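Q: Quick one: the structure is below, and I'll ask about it shortly.
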Amino acid sequence: MQRFVRTAPTAALMAALATAGLAVQAQELVIATVNNGHMIEMQKLTPEFEKANPGIKLKWVTLEEGVLRQRVTTDIATKGGQFDVMTIGLYEAPIWSKKGWLKPITTDAAYDVDDLLPAIREGLSYQGKLYAAPFYAESSMLMYRKDLADKAGVQLGEQPTWEQVKAFAAKVHDPKAGVYGMCLRGKPGWGDNMALITTMVNTWGGQWFDMAWKPQLESKPWKDAITFYVDLMKQYGPPGASANSFNENLALFNEGKCAQWVDATIAASFISDPKQSKVADKVAFAQAPTAVTPKGANWLWSWNLAVPASSTKDEAAQKFIRWATSKDYINLVAKMHGWHAVPTGTRKSTYANPEFQKAAVFAAAEKKAIDSANPNDSTLPKSPYVGVQYAAIPEFQAIGVGVGQQMSAALAGRSTVDQALKTSQTLADREMKKAGYYK
């Protein structure tokens, strides 16, 4: 009796069958992603992927950051199997890979995994294996108006101190002319105001938890950093700063209303683009400001593509991830929209490219910031957690959100700094006890 072995049709065969007018059932990949510019661009390039892979159809579920986190966390924890590819952050990657919730990323020689920037690759690996592939990555840095600095006779240098940027803010703050001395995040959220505030606490010599996992929110570095932050923003920030996060500050900067802004390096490509920014030719870049120590002064983050362990379409999912995070994808975006529009922060080859260097005036500062961030050593006192602007433990989301609300209240004048820190310490202590870190 003759046996027939059923094999998956090759791309060439699929194309031939399609040309012959024969219906071929394509495999559908459901991809959960976040609604930011680079991800929306990836969706627009769906036809390019589907043309090269006729056996795969992409279905997108695009969500706001907070909703995305909620949906993918619930799905992966319950093994729901709703998604074949998930967009996850640098925070989730080590926690989820350790729990066995993700499949390792399979790469080939063409993918060139050694081309990934070391800080990002390490953050996405567990026991030497890559569990998520970076789509774009960022650190934080100081972006400022060079024209205003020159006029005020101020030189900020490559890595200014927070005292220096405050002095610059005092010289150029002119609300009547529509210019504010400093724009910073104030909107509550562990990934909103607390991303910035944690880096400030780090550089003031503080930490979230000591080696016994006890919260340190009433320590001197926290008090010094938060007092400085609140005073700086009350004196030289825009009105309503407690409601502003990345997008609001980006809009203010592009309108010429911020003399300086400390935020994600990814902003650099927008504020230096004359199509989006009124001050594109007047911006300069420096490393994130420091205080007591340079440790942890600038954050590290990436948006990454991962395959949940529950996916039954591993081969197709891996193929898509290799495509979307490859050198070829970066070249495709550059070809279609120019080098200033490519997703940055992931590959050495991007920064080595003369075309990118020419188009991206911020390239050197951005790469230096990413290379200098170390999630395994981001605080002056020794800490038990991994992460620069967060602690990579499951309990951190709830703690970060609660503390973020207290910091926003202090900025808005609804609470004193001392009261905000006391309440924060209490809620963090309660969460850590409840989770069993100590009695």
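Here, A, B, ... name the chains of the structure tokens in the order displayed, residue numbers run from 1 inside each chain, and ligands are numbered from 1 in the same displayed order.
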Show me a table, sorted first by chain and then by increasing residue number, of the residues of region 207-271 of chain A having an atom at most 9 Å from region 189-203 of chain A, each with its shortest atom pair and the distance in Å to one decimal, counting only C-alpha atoms and written as CSV.
A:
residue,atom,partner,partner_atom,distance
A:Gln207,CA,A:Asn202,CA,6.0
A:Trp208,CA,A:Thr198,CA,8.1
A:Pro221,CA,A:Val201,CA,6.1
A:Trp222,CA,A:Val201,CA,5.6
A:Lys223,CA,A:Val201,CA,8.7
A:Asp224,CA,A:Val201,CA,8.2
A:Ala225,CA,A:Val201,CA,5.5
A:Ile226,CA,A:Ile197,CA,7.6
A:Tyr229,CA,A:Ile197,CA,8.0
A:Ser242,CA,A:Asn193,CA,8.7
A:Asn244,CA,A:Asn193,CA,8.6
A:Ser245,CA,A:Asp192,CA,6.0
A:Phe246,CA,A:Asp192,CA,7.5
A:Val262,CA,A:Leu196,CA,8.0
A:Asp263,CA,A:Leu196,CA,7.3
Q: Name the residues in contact with Leu411 (chain A) at a cut-off of 8 Å, using only C-alpha atoms, excluding same-chain residues fewer than 6 positions from it; report them as a list in words.
A: Gly186, Val230, Met233, Lys234, Ala241 and Ser242 of chain A
Q: Take the residues just selected and output them with all heavy atoms as an mmCIF file, in the first residue's frame.
A:
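Below is the file that was written, again_36.cif:
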data_model
loop_
_atom_site.group_PDB
_atom_site.id
_atom_site.type_symbol
_atom_site.label_atom_id
_atom_site.label_comp_id
_atom_site.auth_asym_id
_atom_site.auth_seq_id
_atom_site.Cartn_x
_atom_site.Cartn_y
_atom_site.Cartn_z
ATOM 1 N N GLY A 186 4.177 64.239 34.016
ATOM 2 C CA GLY A 186 3.500 64.376 35.307
ATOM 3 C C GLY A 186 2.307 63.446 35.422
ATOM 4 O O GLY A 186 1.802 63.192 36.520
ATOM 5 N N VAL A 230 9.316 68.484 41.894
ATOM 6 C CA VAL A 230 8.107 69.292 42.107
ATOM 7 C C VAL A 230 8.435 70.784 42.033
ATOM 8 O O VAL A 230 7.734 71.560 41.364
ATOM 9 C CB VAL A 230 7.431 68.921 43.455
ATOM 10 C CG1 VAL A 230 6.344 69.927 43.825
ATOM 11 C CG2 VAL A 230 6.837 67.511 43.379
ATOM 12 N N MET A 233 9.186 71.883 38.353
ATOM 13 C CA MET A 233 8.004 71.962 37.494
ATOM 14 C C MET A 233 7.033 73.054 37.921
ATOM 15 O O MET A 233 6.382 73.683 37.092
ATOM 16 C CB MET A 233 7.304 70.601 37.452
ATOM 17 C CG MET A 233 8.120 69.532 36.748
ATOM 18 S SD MET A 233 8.606 70.032 35.076
ATOM 19 C CE MET A 233 7.031 69.870 34.249
ATOM 20 N N LYS A 234 6.943 73.299 39.224
ATOM 21 C CA LYS A 234 6.046 74.378 39.696
ATOM 22 C C LYS A 234 6.581 75.745 39.266
ATOM 23 O O LYS A 234 5.832 76.648 38.934
ATOM 24 C CB LYS A 234 5.895 74.318 41.217
ATOM 25 C CG LYS A 234 4.873 73.263 41.664
ATOM 26 C CD LYS A 234 4.665 73.297 43.174
ATOM 27 C CE LYS A 234 3.573 72.314 43.587
ATOM 28 N NZ LYS A 234 3.433 72.230 45.058
ATOM 29 N N ALA A 241 0.872 70.485 34.174
ATOM 30 C CA ALA A 241 1.923 69.486 33.904
ATOM 31 C C ALA A 241 1.601 68.117 34.498
ATOM 32 O O ALA A 241 2.086 67.096 34.014
ATOM 33 C CB ALA A 241 3.270 69.981 34.434
ATOM 34 N N SER A 242 0.774 68.073 35.547
ATOM 35 C CA SER A 242 0.458 66.797 36.196
ATOM 36 C C SER A 242 -0.389 65.890 35.307
ATOM 37 O O SER A 242 -0.596 64.718 35.622
ATOM 38 C CB SER A 242 -0.258 67.030 37.531
ATOM 39 O OG SER A 242 -1.477 67.712 37.323
#
Q: Quick one: residues within 10 Å of region 86-89 of chain A, only C-alpha atoms counted, chain neighbours fewer than 4 positions away excluded, as a PyMOL selection string?
A: chain A and resi 30-34+39+61-62+65+68-69+72-73+76+82+93-94+96+102+124+132-135+137+301-308+317+321
Q: Output N, CA and C atoms of each residue in that selection to a file, as a tab-separated table (two decimals), in the first residue's frame.
A:
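File produced: selection_12.tsv:
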chain	number	residue	atom	x	y	z
A	30	VAL	N	-2.70	36.22	14.31
A	30	VAL	CA	-3.31	37.33	15.04
A	30	VAL	C	-2.21	38.01	15.86
A	31	ILE	N	-2.00	39.31	15.59
A	31	ILE	CA	-0.90	40.06	16.21
A	31	ILE	C	-1.46	41.17	17.09
A	32	ALA	N	-1.11	41.15	18.36
A	32	ALA	CA	-1.52	42.22	19.29
A	32	ALA	C	-0.40	43.24	19.36
A	33	THR	N	-0.77	44.51	19.11
A	33	THR	CA	0.28	45.54	19.13
A	33	THR	C	-0.23	46.85	19.70
A	34	VAL	N	0.70	47.77	19.89
A	34	VAL	CA	0.41	49.06	20.52
A	34	VAL	C	0.22	50.13	19.43
A	39	MET	N	4.65	51.15	15.07
A	39	MET	CA	3.83	49.93	14.94
A	39	MET	C	2.76	50.11	13.86
A	61	VAL	N	-4.57	43.41	15.96
A	61	VAL	CA	-5.39	43.92	17.07
A	61	VAL	C	-4.56	45.05	17.68
A	62	THR	N	-4.96	46.30	17.39
A	62	THR	CA	-4.19	47.47	17.80
A	62	THR	C	-4.84	48.14	19.00
A	65	GLU	N	-1.61	51.52	24.97
A	65	GLU	CA	-0.59	50.82	25.77
A	65	GLU	C	-1.16	50.11	27.00
A	68	LEU	N	-3.43	47.22	25.99
A	68	LEU	CA	-2.61	46.14	25.43
A	68	LEU	C	-2.01	45.29	26.55
A	69	ARG	N	-1.40	45.95	27.53
A	69	ARG	CA	-0.78	45.23	28.64
A	69	ARG	C	-1.79	44.32	29.33
A	72	VAL	N	-2.93	41.29	26.87
A	72	VAL	CA	-1.93	40.24	26.63
A	72	VAL	C	-1.54	39.54	27.92
A	73	THR	N	-1.51	40.28	29.04
A	73	THR	CA	-1.17	39.66	30.32
A	73	THR	C	-2.23	38.63	30.70
A	76	ILE	N	-1.99	35.56	28.23
A	76	ILE	CA	-0.84	34.67	28.38
A	76	ILE	C	-0.88	33.92	29.72
A	82	GLN	N	-5.41	33.61	22.36
A	82	GLN	CA	-6.06	34.61	21.49
A	82	GLN	C	-5.09	35.18	20.45
A	93	ALA	N	9.32	40.81	29.43
A	93	ALA	CA	10.15	39.75	28.83
A	93	ALA	C	10.85	38.84	29.84
A	94	PRO	N	11.62	39.37	30.83
A	94	PRO	CA	12.30	38.47	31.76
A	94	PRO	C	11.34	37.72	32.69
A	96	TRP	N	8.11	36.84	32.05
A	96	TRP	CA	7.33	35.84	31.31
A	96	TRP	C	8.18	34.68	30.80
A	102	LEU	N	6.63	32.10	27.24
A	102	LEU	CA	7.04	32.48	25.88
A	102	LEU	C	7.85	31.38	25.22
A	124	LEU	N	16.38	40.89	26.84
A	124	LEU	CA	15.34	40.05	26.26
A	124	LEU	C	15.71	38.57	26.29
A	132	ALA	N	12.28	37.33	23.07
A	132	ALA	CA	11.50	38.35	22.37
A	132	ALA	C	12.48	39.09	21.47
A	133	ALA	N	12.00	39.54	20.31
A	133	ALA	CA	12.88	40.24	19.37
A	133	ALA	C	12.52	41.73	19.37
A	134	PRO	N	13.52	42.60	19.48
A	134	PRO	CA	13.23	44.04	19.60
A	134	PRO	C	12.81	44.68	18.28
A	135	PHE	N	11.68	45.38	18.33
A	135	PHE	CA	11.21	46.11	17.15
A	135	PHE	C	11.79	47.53	17.16
A	137	ALA	N	13.83	50.30	20.25
A	137	ALA	CA	14.25	50.47	21.64
A	137	ALA	C	14.61	51.92	21.90
A	301	TRP	N	14.27	50.92	27.52
A	301	TRP	CA	12.97	50.33	27.19
A	301	TRP	C	13.02	49.82	25.75
A	302	SER	N	12.24	48.79	25.49
A	302	SER	CA	12.05	48.37	24.09
A	302	SER	C	10.66	47.77	23.94
A	303	TRP	N	10.11	47.93	22.76
A	303	TRP	CA	8.89	47.22	22.37
A	303	TRP	C	9.35	46.04	21.52
A	304	ASN	N	8.84	44.88	21.86
A	304	ASN	CA	9.36	43.64	21.27
A	304	ASN	C	8.23	42.73	20.81
A	305	LEU	N	8.56	41.85	19.90
A	305	LEU	CA	7.59	40.86	19.41
A	305	LEU	C	7.95	39.50	19.99
A	306	ALA	N	6.93	38.81	20.51
A	306	ALA	CA	7.15	37.53	21.16
A	306	ALA	C	6.05	36.55	20.79
A	307	VAL	N	6.35	35.26	20.92
A	307	VAL	CA	5.37	34.20	20.63
A	307	VAL	C	4.93	33.56	21.94
A	308	PRO	N	3.64	33.68	22.28
A	308	PRO	CA	3.17	33.03	23.51
A	308	PRO	C	3.26	31.51	23.40
A	317	ALA	N	4.57	32.44	13.04
A	317	ALA	CA	4.81	33.56	13.96
A	317	ALA	C	6.30	33.93	13.99
A	321	ILE	N	8.11	37.48	12.90
A	321	ILE	CA	8.97	38.22	13.83
A	321	ILE	C	10.36	38.45	13.24
Q: With DSSP run on the backbone, what are the alpha helix (DSSP H) residues within region 207-298 of chain A? I'd like them as a VMD selection string.
A: chain A and resid 220 to 236 246 to 254 268 to 271
Q: Work out how far apart CA of Glu28 (chain A) and CA of Ala316 (chain A) are and give it in Å to one decimal.
A: 8.9 Å
Q: Neighbours of region 349-357 of chain A within 9 Å (only C-alpha atoms; same-chain residues fewer than 3 positions away dropped), as a ChimeraX atom specification?
A: /A:115-116,327,330,334,338-340,342,344-346,360-364,367
Q: As an exercise, work out the distance from CA of Lys166 (chain A) to CA of Tyr236 (chain A) in Å and give it to one decimal place.
A: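 CA of Tyr236 (chain A) lies at a distance of 8.4 Å from CA of Lys166 (chain A).
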